[in-house]
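Next comes coords_39.pdb, a file with PDB, C-alpha atoms and all ligand atoms.
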ATOM      1  CA  MET V 927     -25.518 -10.606  -3.078
ATOM      2  CA  GLY V 928     -23.550  -9.995   0.131
ATOM      3  CA  ALA V 929     -25.150  -9.212   3.455
ATOM      4  CA  PRO V 930     -25.924  -5.481   3.789
ATOM      5  CA  GLY V 931     -23.437  -5.162   6.616
ATOM      6  CA  LEU V 932     -20.636  -6.355   4.336
ATOM      7  CA  VAL V 933     -21.263  -3.912   1.499
ATOM      8  CA  ARG V 934     -17.990  -2.108   0.860
ATOM      9  CA  LEU V 935     -18.595   1.550   1.595
ATOM     10  CA  PRO V 936     -16.491   4.121  -0.242
ATOM     11  CA  ILE V 937     -13.923   5.207   2.324
ATOM     12  CA  VAL V 938     -13.488   8.621   0.795
ATOM     13  CA  LYS V 939     -17.069   9.524  -0.066
ATOM     14  CA  PRO V 940     -17.083  13.161   1.136
ATOM     15  CA  ALA V 941     -13.799  13.785  -0.699
ATOM     16  CA  LEU V 942     -15.132  12.125  -3.845
ATOM     17  CA  ASP V 943     -18.302  14.213  -3.754
ATOM     18  CA  GLU V 944     -16.247  17.376  -3.425
ATOM     19  CA  VAL V 945     -13.993  16.392  -6.353
ATOM     20  CA  ARG V 946     -16.996  15.509  -8.527
ATOM     21  CA  ARG V 947     -18.416  18.971  -7.761
ATOM     22  CA  LEU V 948     -15.108  20.609  -8.742
ATOM     23  CA  LEU V 949     -14.879  18.572 -11.962
ATOM     24  CA  ARG V 950     -18.481  19.334 -12.940
ATOM     25  CA  GLY V 951     -17.806  23.054 -12.541
ATOM     26  CA  ALA V 952     -14.545  22.986 -14.514
ATOM     27  CA  ASP V 953     -14.375  24.088 -18.138
ATOM     28  CA  ARG V 954     -10.863  22.673 -18.455
ATOM     29  CA  THR V 955      -9.230  19.903 -16.451
ATOM     30  CA  LEU V 956      -5.669  18.681 -16.686
ATOM     31  CA  ALA V 957      -4.692  15.247 -15.408
ATOM     32  CA  LEU V 958      -1.000  14.897 -14.542
ATOM     33  CA  THR V 959      -0.125  11.278 -13.954
ATOM     34  CA  GLY V 960       2.849   9.316 -12.671
ATOM     35  CA  ALA V 961       3.917   5.732 -12.125
ATOM     36  CA  GLY V 962       1.198   5.089  -9.507
ATOM     37  CA  VAL V 963      -1.519   5.152 -12.172
ATOM     38  CA  SER V 964       0.093   2.102 -13.809
ATOM     39  CA  ALA V 965       1.010   0.301 -10.573
ATOM     40  CA  GLU V 966      -2.139  -1.794 -10.625
ATOM     41  CA  SER V 967      -1.414  -2.785 -14.219
ATOM     42  CA  GLY V 968       1.753  -4.424 -12.892
ATOM     43  CA  VAL V 969       4.212  -1.716 -13.977
ATOM     44  CA  PRO V 970       6.667  -1.068 -11.134
ATOM     45  CA  THR V 971       6.867   2.450  -9.682
ATOM     46  CA  PHE V 972      10.255   4.117  -9.124
ATOM     47  CA  ARG V 973      10.245   5.132  -5.474
ATOM     48  CA  GLY V 974       8.808   3.495  -2.373
ATOM     49  CA  GLU V 975       9.234  -0.007  -0.962
ATOM     50  CA  GLU V 976       8.560  -1.864  -4.207
ATOM     51  CA  GLY V 977      10.021   0.778  -6.518
ATOM     52  CA  LEU V 978      12.674   0.214  -9.187
ATOM     53  CA  TRP V 979      15.118   2.529  -7.414
ATOM     54  CA  LYS V 980      15.203   0.083  -4.459
ATOM     55  CA  SER V 981      16.988  -2.479  -6.664
ATOM     56  CA  TYR V 982      18.613  -0.334  -9.361
ATOM     57  CA  ARG V 983      20.645   2.865  -9.118
ATOM     58  CA  PRO V 984      19.361   5.654 -11.372
ATOM     59  CA  GLU V 985      22.922   6.905 -11.882
ATOM     60  CA  ASP V 986      23.855   3.504 -13.398
ATOM     61  CA  LEU V 987      20.845   3.239 -15.688
ATOM     62  CA  ALA V 988      18.956   6.480 -16.249
ATOM     63  CA  THR V 989      21.537   9.144 -17.114
ATOM     64  CA  PRO V 990      23.324   9.952 -20.401
ATOM     65  CA  GLN V 991      26.636   9.337 -18.600
ATOM     66  CA  ALA V 992      25.528   5.805 -17.688
ATOM     67  CA  PHE V 993      24.640   5.110 -21.330
ATOM     68  CA  ARG V 994      28.007   6.398 -22.551
ATOM     69  CA  ARG V 995      29.811   4.342 -19.892
ATOM     70  CA  ASP V 996      27.943   1.064 -20.431
ATOM     71  CA  PRO V 997      25.313   1.102 -23.197
ATOM     72  CA  ARG V 998      24.936  -2.672 -23.026
ATOM     73  CA  LEU V 999      23.924  -2.597 -19.346
ATOM     74  CA  VAL V1000      21.453   0.244 -19.920
ATOM     75  CA  TRP V1001      19.938  -1.526 -22.936
ATOM     76  CA  GLU V1002      19.637  -4.737 -20.926
ATOM     77  CA  TRP V1003      17.573  -2.912 -18.300
ATOM     78  CA  TYR V1004      15.339  -1.240 -20.873
ATOM     79  CA  ALA V1005      14.861  -4.477 -22.849
ATOM     80  CA  TRP V1006      13.683  -6.123 -19.616
ATOM     81  CA  ARG V1007      11.280  -3.254 -18.886
ATOM     82  CA  ARG V1008       9.908  -3.276 -22.448
ATOM     83  CA  GLU V1009       9.153  -6.949 -22.123
ATOM     84  CA  LEU V1010       7.541  -6.459 -18.727
ATOM     85  CA  VAL V1011       5.343  -3.521 -19.829
ATOM     86  CA  ALA V1012       4.357  -5.215 -23.109
ATOM     87  CA  LYS V1013       2.592  -7.845 -20.985
ATOM     88  CA  CYS V1014       0.653  -5.199 -19.002
ATOM     89  CA  ALA V1015      -2.709  -3.730 -19.932
ATOM     90  CA  PRO V1016      -4.380  -0.422 -19.076
ATOM     91  CA  ASN V1017      -6.386  -0.589 -15.839
ATOM     92  CA  ALA V1018      -9.690   1.001 -14.827
ATOM     93  CA  GLY V1019      -7.861   4.247 -13.956
ATOM     94  CA  HIS V1020      -6.412   4.614 -17.483
ATOM     95  CA  HIS V1021      -9.829   3.796 -18.953
ATOM     96  CA  ALA V1022     -11.603   6.371 -16.789
ATOM     97  CA  LEU V1023      -9.152   9.096 -17.833
ATOM     98  CA  ALA V1024      -9.387   8.079 -21.499
ATOM     99  CA  GLY V1025     -13.165   8.376 -21.343
ATOM    100  CA  ALA V1026     -12.992  11.789 -19.688
ATOM    101  CA  ALA V1027     -10.334  13.044 -22.108
ATOM    102  CA  GLY V1028     -12.444  11.816 -25.018
ATOM    103  CA  SER V1029     -15.132  14.287 -23.974
ATOM    104  CA  GLY V1030     -12.737  17.075 -24.983
ATOM    105  CA  ARG V1031     -12.600  19.037 -21.718
ATOM    106  CA  MET V1032      -9.653  17.220 -20.216
ATOM    107  CA  SER V1033      -6.013  16.884 -21.251
ATOM    108  CA  VAL V1034      -3.731  14.139 -20.006
ATOM    109  CA  VAL V1035      -0.058  14.810 -19.303
ATOM    110  CA  THR V1036       1.983  11.855 -18.103
ATOM    111  CA  GLN V1037       5.464  11.238 -16.814
ATOM    112  CA  ASN V1038       5.024   7.566 -17.681
ATOM    113  CA  VAL V1039       6.817   5.952 -20.588
ATOM    114  CA  ASP V1040       4.600   2.840 -20.675
ATOM    115  CA  GLY V1041       2.098   4.014 -23.322
ATOM    116  CA  LEU V1042      -0.874   2.754 -21.272
ATOM    117  CA  HIS V1043      -2.860   6.020 -21.507
ATOM    118  CA  GLU V1044      -2.604   5.925 -25.314
ATOM    119  CA  ARG V1045      -3.601   2.265 -25.345
ATOM    120  CA  ALA V1046      -6.662   2.984 -23.187
ATOM    121  CA  ALA V1047      -7.655   5.844 -25.526
ATOM    122  CA  ARG V1048      -7.263   3.595 -28.588
ATOM    123  CA  GLU V1049      -9.308   0.826 -26.955
ATOM    124  CA  ALA V1050     -12.094   3.351 -26.298
ATOM    125  CA  SER V1051     -11.726   4.711 -29.851
ATOM    126  CA  ALA V1052     -11.491   8.084 -28.131
ATOM    127  CA  PHE V1053      -9.307  10.644 -29.812
ATOM    128  CA  SER V1054      -7.189  12.298 -27.159
ATOM    129  CA  GLU V1055      -3.482  12.839 -27.354
ATOM    130  CA  THR V1056      -1.480  12.174 -24.200
ATOM    131  CA  LEU V1057       1.501  14.451 -23.651
ATOM    132  CA  GLU V1058       4.359  12.150 -22.700
ATOM    133  CA  LEU V1059       6.833  14.298 -20.774
ATOM    134  CA  HIS V1060       9.499  11.622 -20.305
ATOM    135  CA  GLY V1061       9.263   9.979 -23.723
ATOM    136  CA  SER V1062       8.309   6.434 -24.574
ATOM    137  CA  LEU V1063       9.699   3.033 -23.738
ATOM    138  CA  PHE V1064       8.515   1.882 -27.165
ATOM    139  CA  ARG V1065      10.567   4.297 -29.274
ATOM    140  CA  ASP V1066      14.283   4.405 -30.055
ATOM    141  CA  ARG V1067      16.305   7.515 -30.889
ATOM    142  CA  CYS V1068      19.637   7.732 -32.673
ATOM    143  CA  GLU V1069      22.493   9.145 -30.582
ATOM    144  CA  GLY V1070      24.071  10.390 -33.811
ATOM    145  CA  CYS V1071      21.363  12.003 -35.942
ATOM    146  CA  GLY V1072      18.423  12.123 -33.505
ATOM    147  CA  VAL V1073      15.978  10.285 -35.798
ATOM    148  CA  ARG V1074      13.297   8.343 -33.893
ATOM    149  CA  PHE V1075      12.118   4.817 -34.675
ATOM    150  CA  PRO V1076       9.433   2.529 -33.271
ATOM    151  CA  ALA V1077      11.109   0.124 -30.874
ATOM    152  CA  ARG V1078      12.129  -3.262 -32.230
ATOM    153  CA  ALA V1079      10.556  -6.326 -30.711
ATOM    154  CA  ASP V1080      13.883  -7.744 -29.540
ATOM    155  CA  VAL V1081      17.082  -5.990 -28.596
ATOM    156  CA  ASP V1082      20.173  -8.170 -28.667
ATOM    157  CA  THR V1083      22.216  -7.163 -25.629
ATOM    158  CA  THR V1084      24.766  -9.974 -25.867
ATOM    159  CA  SER V1085      27.615  -7.535 -26.501
ATOM    160  CA  GLU V1086      28.084  -3.844 -27.362
ATOM    161  CA  GLU V1087      28.572  -4.783 -31.053
ATOM    162  CA  ASP V1088      25.096  -6.350 -31.126
ATOM    163  CA  LEU V1089      23.240  -3.260 -29.852
ATOM    164  CA  PRO V1090      20.758  -1.660 -32.266
ATOM    165  CA  ARG V1091      22.170   0.871 -34.752
ATOM    166  CA  CYS V1092      20.579   3.630 -36.824
ATOM    167  CA  PRO V1093      19.697   2.637 -40.403
ATOM    168  CA  VAL V1094      20.360   6.254 -41.472
ATOM    169  CA  CYS V1095      23.786   7.032 -39.955
ATOM    170  CA  SER V1096      24.827   3.825 -38.128
ATOM    171  CA  GLY V1097      24.872   5.709 -34.826
ATOM    172  CA  LEU V1098      23.976   3.857 -31.637
ATOM    173  CA  LEU V1099      20.246   3.789 -30.893
ATOM    174  CA  ARG V1100      18.990   4.471 -27.377
ATOM    175  CA  PRO V1101      15.569   4.320 -25.717
ATOM    176  CA  ASP V1102      13.681   7.560 -26.464
ATOM    177  CA  VAL V1103      13.139   8.431 -22.809
ATOM    178  CA  VAL V1104      14.280  11.422 -20.750
ATOM    179  CA  TRP V1105      17.068  10.601 -18.337
ATOM    180  CA  PHE V1106      18.214  12.657 -15.342
ATOM    181  CA  GLY V1107      20.123  15.741 -16.430
ATOM    182  CA  GLU V1108      18.466  15.774 -19.876
ATOM    183  CA  SER V1109      16.052  18.415 -21.088
ATOM    184  CA  LEU V1110      12.454  17.548 -21.765
ATOM    185  CA  ASP V1111      11.021  18.172 -25.237
ATOM    186  CA  GLN V1112      10.361  21.931 -25.140
ATOM    187  CA  THR V1113       7.188  21.784 -27.268
ATOM    188  CA  ILE V1114       5.623  19.106 -25.085
ATOM    189  CA  LEU V1115       6.665  20.915 -21.910
ATOM    190  CA  ASN V1116       5.237  24.248 -23.131
ATOM    191  CA  SER V1117       1.950  22.556 -24.074
ATOM    192  CA  ALA V1118       1.786  20.947 -20.632
ATOM    193  CA  PHE V1119       2.400  24.246 -18.814
ATOM    194  CA  SER V1120      -0.160  26.064 -21.036
ATOM    195  CA  ALA V1121      -2.770  23.376 -20.354
ATOM    196  CA  ALA V1122      -2.015  23.664 -16.632
ATOM    197  CA  LEU V1123      -2.328  27.441 -16.659
ATOM    198  CA  GLU V1124      -5.708  27.247 -18.408
ATOM    199  CA  ALA V1125      -7.033  24.431 -16.229
ATOM    200  CA  ASP V1126      -9.655  25.063 -13.561
ATOM    201  CA  VAL V1127      -8.721  21.743 -11.967
ATOM    202  CA  CYS V1128      -5.408  19.908 -12.096
ATOM    203  CA  LEU V1129      -5.906  16.279 -11.109
ATOM    204  CA  VAL V1130      -2.551  14.928  -9.920
ATOM    205  CA  VAL V1131      -2.588  11.140  -9.915
ATOM    206  CA  GLY V1132       0.006   8.631  -8.727
ATOM    207  CA  THR V1133       3.130  10.738  -8.710
ATOM    208  CA  SER V1134       5.541  11.383  -5.856
ATOM    209  CA  ALA V1135       5.893  14.913  -7.301
ATOM    210  CA  LEU V1136       9.633  14.865  -6.644
ATOM    211  CA  VAL V1137      10.979  15.043 -10.196
ATOM    212  CA  GLN V1138      11.328  18.420 -11.887
ATOM    213  CA  PRO V1139      10.130  20.080 -14.043
ATOM    214  CA  ALA V1140       7.051  17.779 -14.100
ATOM    215  CA  ALA V1141       6.325  18.411 -10.418
ATOM    216  CA  SER V1142       5.994  22.155 -11.096
ATOM    217  CA  ILE V1143       3.283  21.779 -13.746
ATOM    218  CA  PRO V1144       0.428  21.798 -11.178
ATOM    219  CA  LEU V1145       1.799  25.072  -9.773
ATOM    220  CA  ALA V1146       0.843  26.731 -13.067
ATOM    221  CA  THR V1147      -2.796  25.787 -12.397
ATOM    222  CA  LEU V1148      -2.590  27.503  -9.007
ATOM    223  CA  GLU V1149      -1.025  30.575 -10.645
ATOM    224  CA  GLY V1150      -3.916  30.628 -13.122
ATOM    225  CA  GLY V1151      -6.485  30.582 -10.295
ATOM    226  CA  GLY V1152      -7.373  26.874 -10.543
ATOM    227  CA  VAL V1153      -7.252  24.183  -7.882
ATOM    228  CA  LEU V1154      -5.328  20.945  -7.362
ATOM    229  CA  VAL V1155      -6.860  17.596  -6.576
ATOM    230  CA  GLU V1156      -4.544  14.775  -5.633
ATOM    231  CA  VAL V1157      -5.226  11.036  -5.943
ATOM    232  CA  ASN V1158      -2.560   9.016  -4.166
ATOM    233  CA  PRO V1159      -2.465   6.516  -1.293
ATOM    234  CA  GLU V1160       0.415   8.575   0.199
ATOM    235  CA  SER V1161       0.974  12.257   0.813
ATOM    236  CA  THR V1162       3.352  14.213  -1.439
ATOM    237  CA  PRO V1163       4.840  17.715  -1.537
ATOM    238  CA  LEU V1164       1.672  18.771  -3.427
ATOM    239  CA  THR V1165      -0.718  17.556  -0.715
ATOM    240  CA  ALA V1166      -0.572  20.781   1.263
ATOM    241  CA  LEU V1167      -1.391  22.774  -1.881
ATOM    242  CA  SER V1168      -4.348  20.589  -2.880
ATOM    243  CA  ALA V1169      -7.987  21.570  -2.401
ATOM    244  CA  VAL V1170      -8.781  17.875  -1.922
ATOM    245  CA  SER V1171      -6.492  14.900  -1.431
ATOM    246  CA  VAL V1172      -8.136  11.587  -2.119
ATOM    247  CA  ARG V1173      -6.190   8.838  -0.358
ATOM    248  CA  GLY V1174      -6.803   5.875  -2.600
ATOM    249  CA  ARG V1175      -5.721   3.871  -5.595
ATOM    250  CA  ALA V1176      -6.061   5.312  -9.063
ATOM    251  CA  SER V1177      -7.925   2.271 -10.398
ATOM    252  CA  GLU V1178     -10.620   2.690  -7.754
ATOM    253  CA  VAL V1179     -10.822   6.455  -7.347
ATOM    254  CA  LEU V1180     -10.752   7.529 -11.023
ATOM    255  CA  PRO V1181     -13.674   5.346 -12.163
ATOM    256  CA  ALA V1182     -15.640   6.588  -9.151
ATOM    257  CA  LEU V1183     -14.927  10.204 -10.126
ATOM    258  CA  PHE V1184     -15.836   9.893 -13.802
ATOM    259  CA  ALA V1185     -18.653   7.325 -13.609
TER     260      ALA V1185
HETATM  261  C1  LIG D   1      -0.240   5.198  -6.412
HETATM  262  C2  LIG D   1      -0.587   3.873  -6.498
HETATM  263  C3  LIG D   1      -1.874   3.610  -6.954
HETATM  264  C4  LIG D   1       1.408   3.905  -5.802
HETATM  265  N1  LIG D   1      -2.669   4.622  -7.308
HETATM  266  N2  LIG D   1      -1.042   6.183  -6.762
HETATM  267  C5  LIG D   1      15.148  21.357  -9.553
HETATM  268  C6  LIG D   1      15.464  20.989  -8.263
HETATM  269  C7  LIG D   1      16.151  19.810  -7.993
HETATM  270  C8  LIG D   1      16.550  18.956  -9.024
HETATM  271  C9  LIG D   1      16.220  19.323 -10.309
HETATM  272  C10 LIG D   1      15.546  20.491 -10.575
HETATM  273  N3  LIG D   1      15.353  20.583 -11.914
HETATM  274  C11 LIG D   1      15.892  19.493 -12.491
HETATM  275  C12 LIG D   1      16.441  18.719 -11.539
HETATM  276  C13 LIG D   1      17.144  17.441 -11.744
HETATM  277  C14 LIG D   1      16.196  16.269 -11.965
HETATM  278  C15 LIG D   1      15.283  16.104 -10.744
HETATM  279  O1  LIG D   1      14.116  16.436 -10.737
HETATM  280  N4  LIG D   1      15.807  15.501  -9.688
HETATM  281  C16 LIG D   1      15.038  15.269  -8.453
HETATM  282  C17 LIG D   1      14.761  13.758  -8.295
HETATM  283  C18 LIG D   1      15.806  15.813  -7.314
HETATM  284  N5  LIG D   1      15.413  16.471 -13.173
HETATM  285  C19 LIG D   1      15.923  16.221 -14.374
HETATM  286  O2  LIG D   1      17.064  15.857 -14.517
HETATM  287  C20 LIG D   1      14.995  16.410 -15.551
HETATM  288  N6  LIG D   1      15.657  17.202 -16.537
HETATM  289  C21 LIG D   1      15.783  18.527 -16.447
HETATM  290  O3  LIG D   1      15.216  19.160 -15.598
HETATM  291  O4  LIG D   1      16.589  19.087 -17.422
HETATM  292  C22 LIG D   1      17.083  20.406 -17.221
HETATM  293  C23 LIG D   1      18.046  20.348 -16.042
HETATM  294  C24 LIG D   1      18.982  19.334 -15.943
HETATM  295  C25 LIG D   1      19.855  19.292 -14.869
HETATM  296  C26 LIG D   1      19.777  20.247 -13.858
HETATM  297  C27 LIG D   1      18.814  21.255 -13.938
HETATM  298  C28 LIG D   1      17.945  21.311 -15.068
HETATM  299  C29 LIG D   1      14.714  15.066 -16.222
HETATM  300  C30 LIG D   1      13.968  14.154 -15.337
HETATM  301  C31 LIG D   1      13.819  12.791 -16.025
HETATM  302  C32 LIG D   1      13.183  11.744 -15.118
HETATM  303  N7  LIG D   1      13.320  10.480 -15.730
HETATM  304  C33 LIG D   1      12.700   9.318 -15.133
HETATM  305  C34 LIG D   1      13.115   8.071 -15.925
HETATM  306  C35 LIG D   1      12.384   8.081 -17.281
HETATM  307  C36 LIG D   1      12.760   6.956 -18.153
HETATM  308  C37 LIG D   1      12.426   5.612 -17.592
HETATM  309  O5  LIG D   1      11.278   5.317 -17.206
HETATM  310  O6  LIG D   1      13.317   4.799 -17.552
HETATM  311  O7  LIG D   1      11.267   9.472 -15.130
HETATM  312  S1  LIG D   1      13.069   9.135 -13.387
HETATM  313  C38 LIG D   1      11.471   8.558 -12.913
HETATM  314  O8  LIG D   1      10.843   9.515 -12.030
HETATM  315  C39 LIG D   1      10.641   8.553 -14.217
HETATM  316  C40 LIG D   1       9.339   9.086 -13.736
HETATM  317  O9  LIG D   1       8.577   9.580 -14.823
HETATM  318  C41 LIG D   1       9.741  10.129 -12.725
HETATM  319  C42 LIG D   1       8.659  10.496 -11.746
HETATM  320  O10 LIG D   1       8.304   9.401 -10.958
HETATM  321  P1  LIG D   1       6.792   9.219 -10.506
HETATM  322  O11 LIG D   1       5.927   8.984 -11.663
HETATM  323  O12 LIG D   1       6.407  10.316  -9.599
HETATM  324  O13 LIG D   1       6.877   7.796  -9.744
HETATM  325  P2  LIG D   1       7.290   7.501  -8.224
HETATM  326  O14 LIG D   1       7.659   6.084  -8.162
HETATM  327  O15 LIG D   1       8.256   8.493  -7.706
HETATM  328  O16 LIG D   1       5.930   7.735  -7.400
HETATM  329  C43 LIG D   1       4.810   6.882  -7.534
HETATM  330  C44 LIG D   1       3.665   7.483  -6.738
HETATM  331  O17 LIG D   1       2.512   6.696  -6.981
HETATM  332  C45 LIG D   1       3.891   7.489  -5.224
HETATM  333  O18 LIG D   1       3.529   8.775  -4.718
HETATM  334  C46 LIG D   1       2.923   6.426  -4.707
HETATM  335  O19 LIG D   1       2.391   6.736  -3.424
HETATM  336  C47 LIG D   1       1.856   6.470  -5.752
HETATM  337  N8  LIG D   1       1.104   5.233  -5.930
HETATM  338  N9  LIG D   1       0.520   3.112  -6.056
HETATM  339  C48 LIG D   1      -2.197   5.906  -7.172
HETATM  340  N10 LIG D   1      -2.294   2.320  -7.035
HETATM  341 ZN    ZN D   2      21.241   8.175 -36.985
END
Would you mind giving the structure from this file in structure tokens?
Amino acid sequence: MGAPGLVRLPIVKPALDEVRRLLRGADRTLALTGAGVSAESGVPTFRGEEGLWKSYRPEDLATPQAFRRDPRLVWEWYAWRRELVAKCAPNAGHHALAGAAGSGRMSVVTQNVDGLHERAAREASAFSETLELHGSLFRDRCEGCGVRFPARADVDTTSEEDLPRCPVCSGLLRPDVVWFGESLDQTILNSAFSAALEADVCLVVGTSALVQPAASIPLATLEGGGVLVEVNPESTPLTALSAVSVRGRASEVLPALFA
């Protein structure tokens, strides 16, 4: 046991107490998550000093135009990310949300394509569907007929001829994610906005809240008379609208909130 003076005190205790009070009083809670929730699992975020967009240009890799121009390059990037994420595991933040969602009073909406919320829910044997706004890294979709397939273990990116093709129509397969300039799945988006409108608390975790329409989902909670709670080491455009902003890491703050 460490000396009493060295015990690590929660730096955000008053904020945590206030959030716990809000969550206890809420009939419905919506958690909207972004890349920050998976950062401590080893999945890179997009923006910020260590973010993917520091080394890669979204216009070269995450638009339909980029895929049409150079599908091999885009596939190479996604094959690398699949491999990277496959080695990652859900962290304490994913587990805390999975536990809370399993209780039935919380929905989880994520912008992440890493599948870590679903994995945490499966590991807890908790039934709770995560709404994946930006698709999944582990699914392919045919450019020709639109049919979706579970991702293959290996994608051969040696040349354009080697790229994966649809077994139904021979069209080129692509990762089933939402790129800039593409519409989100309307059913998923409507469900997310409805959940936000009904929520008494919208817990916004680990997102820079810069990408639309995801960043507007918490506004529906405000319109419905609910409150926002933000968990993020940095401030975001939603900070000023939040009842409480907890400045901390998801893997530390979320378990403390739902313990
Ligand atoms: C921690 C932490 C820790 C770190 N714990 N936290 C209205 C106005 C302006 C533009 C638009 C608009 N409407 C639409 C647009 C265009 C565009 C857009 O929003 N652009 C803005 C960037 C300006 N949106 C679209 O194109 C969308 N489509 C659309 O709207 O269709 C209709 C339409 C089209 C065209 C015009 C108008 C309408 C589609 C958006 C698709 C986004 N796709 C990506 C890639 C997905 C596939 C892939 O992964 O490869 O989605 S981009 C990338 O950003 C990814 C993410 O899901 C998304 C959000 O990022 P996120 O999660 O917020 O991550 P970061 O890195 O930004 O932030 C991490 C945060 O975590 C930071 O705050 C850290 O502090 C924090 N953090 N460690 C907690 N340990
Ligand atoms: Zn097809």
Mind listing the residues within 6 Å of ligand LIG 1 (chain D), all atoms listed in the file counted, as a PyMOL selection string? chain V and resi 960-963+965-966+971-973+1037-1039+1060+1103-1109+1131-1139+1158-1160+1175-1176
Using only C-alpha atoms and a cutoff of 12 Å, can you tell me which residues are near (-5.6, 27.8, -8.6) in the file's coordinates, and write them out as a list in words? Leu948, Ala952, Thr955, Ala1122, Leu1123, Glu1124, Ala1125, Asp1126, Val1127, Cys1128, Leu1129, Ile1143, Pro1144, Leu1145, Ala1146, Thr1147, Leu1148, Glu1149, Gly1150, Gly1151, Gly1152, Val1153, Leu1154, Val1155, Leu1167, Ser1168 and Ala1169 of chain V
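Using only C-alpha atoms, the nearest neighbour of Ala1046 in chain V within the list V:Asp1088, V:Gly1097, V:Trp1003, V:Gly1028 is V:Gly1028.
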Can you give me, as number ranges by chain, the residues this file yields under the PyMOL selection byres (((not hetatm)) within 6 of (chain D and resi 2))? V: 1068, 1070-1073, 1092, 1094-1097
If you keep C-alpha atoms, can you produce a file of those selected residues as a PDB file, in the coordinates of the input?
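out_38.pdb written:
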ATOM      1  CA  CYS V1068      19.637   7.732 -32.673  1.00  0.00           C
ATOM      2  CA  GLY V1070      24.071  10.390 -33.811  1.00  0.00           C
ATOM      3  CA  CYS V1071      21.363  12.003 -35.942  1.00  0.00           C
ATOM      4  CA  GLY V1072      18.423  12.123 -33.505  1.00  0.00           C
ATOM      5  CA  VAL V1073      15.978  10.285 -35.798  1.00  0.00           C
ATOM      6  CA  CYS V1092      20.579   3.630 -36.824  1.00  0.00           C
ATOM      7  CA  VAL V1094      20.360   6.254 -41.472  1.00  0.00           C
ATOM      8  CA  CYS V1095      23.786   7.032 -39.955  1.00  0.00           C
ATOM      9  CA  SER V1096      24.827   3.825 -38.128  1.00  0.00           C
ATOM     10  CA  GLY V1097      24.872   5.709 -34.826  1.00  0.00           C
TER      11      GLY V1097
END
Taking into account only C-alpha atoms, which residue in the set V:Leu1089, V:Ala1079, V:Val1157, V:Leu1115 is nearest to Ala957 in chain V?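 The answer is V:Val1157, which sits nearest to Ala957 in chain V.
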Which neighbours of Pro1090 in chain V fall inside 10 Å, counting all atoms listed in the file, when residues of the same chain fewer than 3 positions from it are skipped, and could you give them as a list in words?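 So, after excluding close chain neighbours, the residues are Trp1001, Asp1066, Cys1068, Ala1077, Arg1078, Asp1080, Val1081, Asp1082, Thr1083, Glu1086, Glu1087, Pro1093, Ser1096, Gly1097, Leu1098, Leu1099 and Arg1100 of chain V.
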Draw an axis-aligned box over all listed atoms of range 1071-1084 of chain V, pad each side with 5 Å, and write its centre and edge lengths in Å, one decimal, as JSON.
{"center_x": 17.1, "center_y": 1.1, "center_z": -30.8, "size_x": 25.3, "size_y": 32.1, "size_z": 20.3}
Which residue out of V:Val1170, V:Ala1185, V:Ala1005, V:Val945 has the minimum interatomic distance to Arg1065 in chain V when all atoms listed in the file are used?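 Closest to Arg1065 in chain V of all the choices is V:Ala1005.
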Using the partial input, fill out range 1157-1167 of chain V with N, CA and C atoms; write the result as a PDB file, keeping the file's coordinate frame.
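Output (selection_30.pdb):
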ATOM      1  N   VAL V1157      -4.773  12.418  -6.165  1.00  0.00           N
ATOM      2  CA  VAL V1157      -5.226  11.036  -5.943  1.00  0.00           C
ATOM      3  C   VAL V1157      -3.976  10.202  -5.722  1.00  0.00           C
ATOM      4  N   ASN V1158      -3.793   9.725  -4.509  1.00  0.00           N
ATOM      5  CA  ASN V1158      -2.560   9.016  -4.166  1.00  0.00           C
ATOM      6  C   ASN V1158      -2.764   8.358  -2.797  1.00  0.00           C
ATOM      7  N   PRO V1159      -2.337   7.122  -2.627  1.00  0.00           N
ATOM      8  CA  PRO V1159      -2.465   6.516  -1.293  1.00  0.00           C
ATOM      9  C   PRO V1159      -1.582   7.199  -0.251  1.00  0.00           C
ATOM     10  N   GLU V1160      -0.536   7.926  -0.727  1.00  0.00           N
ATOM     11  CA  GLU V1160       0.415   8.575   0.199  1.00  0.00           C
ATOM     12  C   GLU V1160       0.365  10.091   0.005  1.00  0.00           C
ATOM     13  N   SER V1161       0.894  10.805   0.999  1.00  0.00           N
ATOM     14  CA  SER V1161       0.974  12.257   0.813  1.00  0.00           C
ATOM     15  C   SER V1161       2.229  12.601   0.007  1.00  0.00           C
ATOM     16  N   THR V1162       2.226  13.759  -0.606  1.00  0.00           N
ATOM     17  CA  THR V1162       3.352  14.213  -1.439  1.00  0.00           C
ATOM     18  C   THR V1162       3.586  15.698  -1.159  1.00  0.00           C
ATOM     19  N   PRO V1163       4.630  16.273  -1.748  1.00  0.00           N
ATOM     20  CA  PRO V1163       4.840  17.715  -1.537  1.00  0.00           C
ATOM     21  C   PRO V1163       3.673  18.562  -2.054  1.00  0.00           C
ATOM     22  N   LEU V1164       2.800  17.991  -2.909  1.00  0.00           N
ATOM     23  CA  LEU V1164       1.672  18.771  -3.427  1.00  0.00           C
ATOM     24  C   LEU V1164       0.428  18.667  -2.536  1.00  0.00           C
ATOM     25  N   THR V1165       0.477  17.773  -1.540  1.00  0.00           N
ATOM     26  CA  THR V1165      -0.718  17.556  -0.715  1.00  0.00           C
ATOM     27  C   THR V1165      -1.172  18.857  -0.039  1.00  0.00           C
ATOM     28  N   ALA V1166      -0.216  19.574   0.518  1.00  0.00           N
ATOM     29  CA  ALA V1166      -0.572  20.781   1.263  1.00  0.00           C
ATOM     30  C   ALA V1166      -1.162  21.866   0.355  1.00  0.00           C
ATOM     31  N   LEU V1167      -0.887  21.767  -0.941  1.00  0.00           N
ATOM     32  CA  LEU V1167      -1.391  22.774  -1.881  1.00  0.00           C
ATOM     33  C   LEU V1167      -2.708  22.351  -2.524  1.00  0.00           C
TER      34      LEU V1167
END
